[in-house]
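Asker: My structure file final.cif, mmCIF, C-alpha atoms, is below:
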```
data_my_file
#
loop_
_atom_site.group_PDB
_atom_site.id
_atom_site.type_symbol
_atom_site.label_atom_id
_atom_site.label_comp_id
_atom_site.auth_asym_id
_atom_site.auth_seq_id
_atom_site.Cartn_x
_atom_site.Cartn_y
_atom_site.Cartn_z
ATOM 1 C CA MET A 1 0.000 0.000 0.000
ATOM 2 C CA ARG A 2 1.298 3.431 -0.850
ATOM 3 C CA PHE A 3 0.118 6.962 -0.166
ATOM 4 C CA ASP A 4 0.451 9.439 -2.984
ATOM 5 C CA ALA A 5 0.304 13.190 -2.639
ATOM 6 C CA ARG A 6 2.291 15.953 -4.274
ATOM 7 C CA TYR A 7 3.999 16.821 -0.993
ATOM 8 C CA LEU A 8 5.192 13.199 -0.615
ATOM 9 C CA GLN A 9 7.061 13.098 -3.934
ATOM 10 C CA PRO A 10 10.845 12.746 -4.021
ATOM 11 C CA SER A 11 12.471 16.140 -4.255
ATOM 12 C CA GLU A 12 15.290 16.918 -6.624
ATOM 13 C CA PRO A 13 18.232 16.918 -6.574
ATOM 14 C CA THR A 14 18.388 14.538 -3.605
ATOM 15 C CA GLY A 15 15.771 12.075 -4.864
ATOM 16 C CA ARG A 16 14.880 11.435 -1.217
ATOM 17 C CA ASP A 17 11.502 9.726 -1.054
ATOM 18 C CA PRO A 18 9.502 10.789 2.027
ATOM 19 C CA MET A 19 7.777 7.381 2.023
ATOM 20 C CA ASP A 20 11.131 5.849 2.968
ATOM 21 C CA HIS A 21 11.592 8.229 5.884
ATOM 22 C CA ARG A 22 8.188 8.164 7.537
ATOM 23 C CA VAL A 23 7.801 5.240 9.874
ATOM 24 C CA GLU A 24 4.320 6.450 10.817
ATOM 25 C CA ILE A 25 3.000 5.800 7.325
ATOM 26 C CA SER A 26 3.669 2.078 7.632
ATOM 27 C CA GLN A 27 3.037 1.479 11.339
ATOM 28 C CA ARG A 28 0.399 -0.947 12.473
ATOM 29 C CA ALA A 29 -1.706 -0.486 15.601
ATOM 30 C CA ARG A 30 -1.728 3.301 15.458
ATOM 31 C CA SER A 31 -4.561 3.349 17.958
ATOM 32 C CA LEU A 32 -2.255 1.822 20.588
ATOM 33 C CA THR A 33 0.070 4.822 20.315
ATOM 34 C CA LEU A 34 -2.897 7.164 20.633
ATOM 35 C CA TRP A 35 -4.185 5.292 23.682
ATOM 36 C CA VAL A 36 -0.767 5.460 25.393
ATOM 37 C CA ILE A 37 -0.504 9.212 24.763
ATOM 38 C CA LEU A 38 -4.028 9.846 26.039
ATOM 39 C CA HIS A 39 -3.431 7.636 29.061
ATOM 40 C CA HIS A 40 -0.140 9.336 29.912
ATOM 41 C CA GLU A 41 -0.907 12.981 29.036
ATOM 42 C CA GLY A 42 -4.657 13.166 29.552
ATOM 43 C CA ARG A 43 -6.933 15.731 28.000
ATOM 44 C CA ASP A 44 -5.070 18.723 29.459
ATOM 45 C CA GLY A 45 -1.706 17.427 28.267
ATOM 46 C CA ILE A 46 -3.010 16.926 24.739
ATOM 47 C CA ALA A 47 -4.536 20.424 24.779
ATOM 48 C CA ARG A 48 -1.168 21.903 25.854
ATOM 49 C CA THR A 49 0.607 20.027 23.051
ATOM 50 C CA VAL A 50 -1.879 21.228 20.419
ATOM 51 C CA GLU A 51 -1.568 24.820 21.637
ATOM 52 C CA HIS A 52 2.212 24.532 21.630
ATOM 53 C CA ASN A 53 2.194 23.240 18.028
ATOM 54 C CA ARG A 54 -0.200 25.992 16.929
ATOM 55 C CA SER A 55 2.032 28.621 18.458
ATOM 56 C CA ALA A 56 5.197 27.128 16.922
ATOM 57 C CA ALA A 57 3.611 26.844 13.455
ATOM 58 C CA GLY A 58 2.417 30.428 13.601
ATOM 59 C CA GLU A 59 5.928 31.767 14.044
ATOM 60 C CA PRO A 60 7.236 30.913 10.530
ATOM 61 C CA GLY A 61 3.949 32.040 9.017
ATOM 62 C CA TRP A 62 4.226 35.470 10.590
ATOM 63 C CA LEU A 63 7.938 35.771 9.827
ATOM 64 C CA LEU A 64 7.608 34.737 6.184
ATOM 65 C CA GLU A 65 4.427 36.494 5.103
ATOM 66 C CA GLY A 66 6.078 39.910 5.277
ATOM 67 C CA GLU A 67 8.708 38.979 2.685
ATOM 68 C CA PRO A 68 7.954 40.417 -0.790
ATOM 69 C CA GLY A 69 7.053 37.562 -3.149
ATOM 70 C CA ILE A 70 5.953 35.170 -0.361
ATOM 71 C CA GLU A 71 2.252 34.849 0.390
ATOM 72 C CA LEU A 72 0.565 32.951 3.191
ATOM 73 C CA LEU A 73 -2.130 30.995 1.319
ATOM 74 C CA ALA A 74 -4.246 29.809 4.216
ATOM 75 C CA PRO A 75 -4.579 30.495 7.912
ATOM 76 C CA VAL A 76 -1.884 28.693 9.884
ATOM 77 C CA THR A 77 -3.278 25.489 11.381
ATOM 78 C CA PRO A 78 -1.911 23.806 14.508
ATOM 79 C CA SER A 79 0.985 22.351 12.513
ATOM 80 C CA GLN A 80 0.904 23.564 8.913
ATOM 81 C CA VAL A 81 2.111 26.654 7.094
ATOM 82 C CA LEU A 82 1.156 26.952 3.430
ATOM 83 C CA LEU A 83 3.085 29.465 1.331
ATOM 84 C CA SER A 84 3.112 30.626 -2.237
ATOM 85 C CA VAL A 85 6.341 31.840 -3.783
ATOM 86 C CA SER A 86 5.902 34.375 -6.569
ATOM 87 C CA GLU A 87 7.363 32.163 -9.311
ATOM 88 C CA GLU A 88 6.639 28.420 -9.439
ATOM 89 C CA HIS A 89 10.154 27.487 -10.623
ATOM 90 C CA ARG A 90 11.672 29.586 -7.866
ATOM 91 C CA ALA A 91 9.521 27.782 -5.294
ATOM 92 C CA GLN A 92 10.857 24.426 -6.475
ATOM 93 C CA ARG A 93 14.461 25.683 -6.328
ATOM 94 C CA VAL A 94 13.887 26.901 -2.754
ATOM 95 C CA ILE A 95 12.339 23.563 -1.736
ATOM 96 C CA ASP A 96 15.188 21.626 -3.357
ATOM 97 C CA ALA A 97 17.796 23.809 -1.637
ATOM 98 C CA LEU A 98 16.163 23.268 1.759
ATOM 99 C CA SER A 99 15.876 19.511 1.213
ATOM 100 C CA SER A 100 19.523 19.300 0.145
ATOM 101 C CA SER A 101 20.764 21.346 3.085
ATOM 102 C CA GLY A 102 18.991 19.218 5.680
ATOM 103 C CA SER A 103 18.069 22.357 7.640
ATOM 104 C CA CYS A 104 14.348 21.655 7.401
ATOM 105 C CA TRP A 105 11.919 19.626 5.336
ATOM 106 C CA VAL A 106 9.618 21.678 3.114
ATOM 107 C CA THR A 107 7.461 19.932 0.560
ATOM 108 C CA PRO A 108 5.766 21.078 -2.643
ATOM 109 C CA THR A 109 2.009 20.908 -2.896
ATOM 110 C CA THR A 110 -0.905 22.510 -4.714
ATOM 111 C CA TRP A 111 -3.564 24.663 -3.073
ATOM 112 C CA ASN A 112 -6.627 25.749 -5.054
ATOM 113 C CA GLY A 113 -4.695 25.187 -8.292
ATOM 114 C CA ARG A 114 -1.638 27.162 -7.163
ATOM 115 C CA SER A 115 1.798 25.743 -6.501
ATOM 116 C CA ALA A 116 2.750 26.052 -2.872
ATOM 117 C CA ALA A 117 5.356 25.153 -0.283
ATOM 118 C CA ARG A 118 4.182 23.258 2.775
ATOM 119 C CA ILE A 119 5.960 23.571 6.111
ATOM 120 C CA SER A 120 4.886 21.041 8.690
ATOM 121 C CA LEU A 121 5.808 21.682 12.328
ATOM 122 C CA SER A 122 4.420 18.827 14.335
ATOM 123 C CA ASN A 123 7.146 17.747 16.715
ATOM 124 C CA TRP A 124 5.882 17.998 20.277
ATOM 125 C CA ARG A 125 9.411 18.987 21.336
ATOM 126 C CA GLY A 126 9.650 21.779 18.781
ATOM 127 C CA SER A 127 10.193 25.260 20.094
ATOM 128 C CA GLU A 128 9.874 28.857 19.079
ATOM 129 C CA GLU A 129 13.602 28.764 18.336
ATOM 130 C CA SER A 130 13.250 25.801 15.969
ATOM 131 C CA ALA A 131 10.300 27.495 14.250
ATOM 132 C CA GLU A 132 12.356 30.677 13.840
ATOM 133 C CA ALA A 133 15.255 28.608 12.467
ATOM 134 C CA THR A 134 12.893 27.050 9.908
ATOM 135 C CA ALA A 135 11.690 30.496 8.816
ATOM 136 C CA ALA A 136 15.282 31.779 8.634
ATOM 137 C CA ALA A 137 16.362 28.781 6.522
ATOM 138 C CA PHE A 138 13.397 29.326 4.182
ATOM 139 C CA LEU A 139 14.200 33.033 3.801
ATOM 140 C CA GLU A 140 17.878 32.310 3.170
ATOM 141 C CA ALA A 141 17.045 29.765 0.454
ATOM 142 C CA TYR A 142 14.450 32.148 -1.033
ATOM 143 C CA ARG A 143 16.910 35.043 -1.160
ATOM 144 C CA ASP A 144 19.708 32.814 -2.513
ATOM 145 C CA HIS A 145 17.503 31.682 -5.438
ATOM 146 C CA PRO A 146 16.100 34.851 -7.052
ATOM 147 C CA GLY A 147 13.441 34.607 -9.724
#
```
Let me see the file written as structure tokens.
Answerer:
Amino acid sequence: MRFDARYLQPSEPTGRDPMDHRVEISQRARSLTLWVILHHEGRDGIARTVEHNRSAAGEPGWLLEGEPGIELLAPVTPSQVLLSVSEEHRAQRVIDALSSSGSCWVTPTTWNGRSAARISLSNWRGSEESAEATAAAFLEAYRDHPG
């Protein structure tokens, strides 16, 4: 069985296939993991984690949307930032540069027929500093690859 979505495609020039680096996609008994987390953290712990992720995901969104040529395409969700880069080919070069550098993992996707970059911040141990580092890496790659 295989999932297929634009943001899960191998990115050039690395050819790294996200399907080969996502244990969660192939795990069995996912409900057991959920039960353990709920049992250990409880409702309040889960609520704190969701709020923490929402706050962390908002940071790159706010930092990046002020850059000319970068547009926030949708409201930031608890773990997702969806951006449009002014030129489609530039967006792919930025994504490839980030994937090659290993600084963060940004994937291409399509939103309402527009090419977009998807930043996913869903690590419960993530911090404001890691979110700021993601935004800084994105801006550096964006500025290093002009249209």
Asker: If the PyMOL selection byres ((chain A and resi 64) around 12) is run on the structure shown, which residues does it catch, given as a PyMOL selection string?
Answerer: chain A and resi 57-63+65-73+76+81-85+117+119+131-140+142-143
Asker: Take the PyMOL selection byres ((chain A and resi 121) around 8), run it mentally on this structure, and tell me the resulting residues as a count of residues only.
Answerer: 11
Asker: Report, in Å with one decimal, the straight-line distance from CA of Arg90 in chain A to CA of Gly147 in chain A.
Answerer: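 Here the two named atoms are 5.6 Å from each other.
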Asker: Hey, can you check how far CA of Glu88 in chain A sits from CA of Ser115 in chain A?
Answerer: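 These two atoms are separated by 6.3 Å.
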Asker: Smallest atom-to-atom distance to Thr107 in chain A: which of A:Val50, A:Ile37, A:Ala74, A:Ile95, using only C-alpha atoms?
Answerer: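 Using only C-alpha atoms, Thr107 in chain A sits closest to A:Ile95.
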Asker: CA of Gln92 in chain A and CA of Pro108 in chain A, how far apart in Å?
Answerer: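 The value is 7.2 Å.
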Asker: Nearest to Gly102 in chain A: which of A:Glu87, A:Glu128, A:Arg118, A:Ala141 is it, counting only C-alpha atoms?
Answerer: A:Ala141
Asker: Using only the atoms of range 34-41 of chain A listed in the file, plus 8 Å on each side, state the axis-aligned box centre and edge lengths in Å rounded to one decimal, as lines of an AutoDock Vina configuration file.
Answerer:
```
center_x = -2.2
center_y = 9.1
center_z = 25.3
size_x = 20.0
size_y = 23.7
size_z = 25.3
```
Asker: Out of A:Arg43, A:His52, A:Arg114, A:His145, which residue has the shortest atom-to-atom distance to Arg93 in chain A when counting all atoms listed in the file?
Answerer: A:His145
